[in-house]
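To start, the structure itself, in structure tokens.
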Amino acid sequence: MNKLLKSFGALLIAVTFSSCAAFHSGDMASSASLNSANFSYAKQSIKGESTATYVFGIGGMAKESLVANAKQQMLASNPLSANQALANVTVSYKSSLYVGLLYRTVTCTVTADVVEFNNSNVTAKQ
């Protein structure tokens, strides 16, 4: 019985410390109106990331803060110029669980295309 208990304990410890799972989710929205041919793509697939870590369910940031930080990092690396806007914005989440539910990371990735509107349809005021 003692040997069986030790074997079960060793198996339980091995499973606990080797467990890992990942989950993905996300959505897509466009922040610029692209219904006429008055734009061109300046950059494609720019991205920013933000990660939060939770230990025993404590720590990290709210989902909105993860998105805001990822977007801020994306725009810091790729500042917008005049007549530019973000289009085809995608927000994705990857949640990874380690050691059961004891340690979890959530990574938010924001990707977008940068479009530049041309001035051909703009008339000057006199």
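Letters for chains follow the order of the structure tokens (A, B, ...), residue numbers begin at 1 for each chain, and ligand numbers begin at 1 in the order shown.
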
Could you make a table, as CSV, of the residues of stretch 88-116 of chain A that have an atom within 10 Å of an atom of stretch 56-77 of chain A, each with its nearest atom pair and distance in Å to one decimal, counting only C-alpha atoms, in chain and number order?
```
residue,atom,partner,partner_atom,distance
A:Val89,CA,A:Lys71,CA,9.9
A:Val91,CA,A:Val67,CA,7.5
A:Ser92,CA,A:Val67,CA,9.2
A:Tyr93,CA,A:Val67,CA,9.4
A:Gly100,CA,A:Phe56,CA,9.9
A:Leu101,CA,A:Phe56,CA,7.0
A:Leu102,CA,A:Phe56,CA,4.7
A:Tyr103,CA,A:Phe56,CA,6.2
A:Arg104,CA,A:Gly57,CA,7.6
A:Thr105,CA,A:Gly60,CA,8.4
A:Val106,CA,A:Gly60,CA,8.4
A:Thr107,CA,A:Leu66,CA,7.8
A:Cys108,CA,A:Leu66,CA,6.0
A:Thr109,CA,A:Ala70,CA,6.3
A:Val110,CA,A:Ala70,CA,6.0
A:Thr111,CA,A:Met74,CA,7.9
A:Ala112,CA,A:Met74,CA,8.9
```

Assign secondary structure with DSSP using the backbone only, and return the residues of stretch 44-101 of chain A in strand (DSSP E or B) as an NGL selection string.
:A and (44-55 or 58 or 84-98)

So how far away is atom CA of A:Val55 from atom CA of A:Asp27, in Å?
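Separation of atom CA of A:Asp27 and atom CA of A:Val55: 26.7 Å.
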
Atom CA of A:Asn83 to atom CA of A:Ser36, distance in Å rounded to a single decimal:
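Atom CA of A:Ser36 lies 15.0 Å from atom CA of A:Asn83.
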
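The space between atom CA of A:Ser81 and atom CA of A:Met28 spans 23.0 Å.
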
Which residue is closest to A:Lys94? Choose from A:Lys47, A:Phe117, A:Asn35, A:Ser25 and count only C-alpha atoms.
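Going through A:Lys47, A:Phe117, A:Asn35, A:Ser25 one by one, the smallest distance to A:Lys94 is for A:Ser25.
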
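In this comparison, which uses only C-alpha atoms, the residue of A:Leu97, A:Ala29, A:Ala10, A:Val114 approaching A:Asn78 most closely is A:Val114.
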
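Proximity ranking of A:Leu4, A:Ala82, A:Ala87, A:Val99 relative to A:Lys43 places A:Ala87 first, based on only C-alpha atoms.
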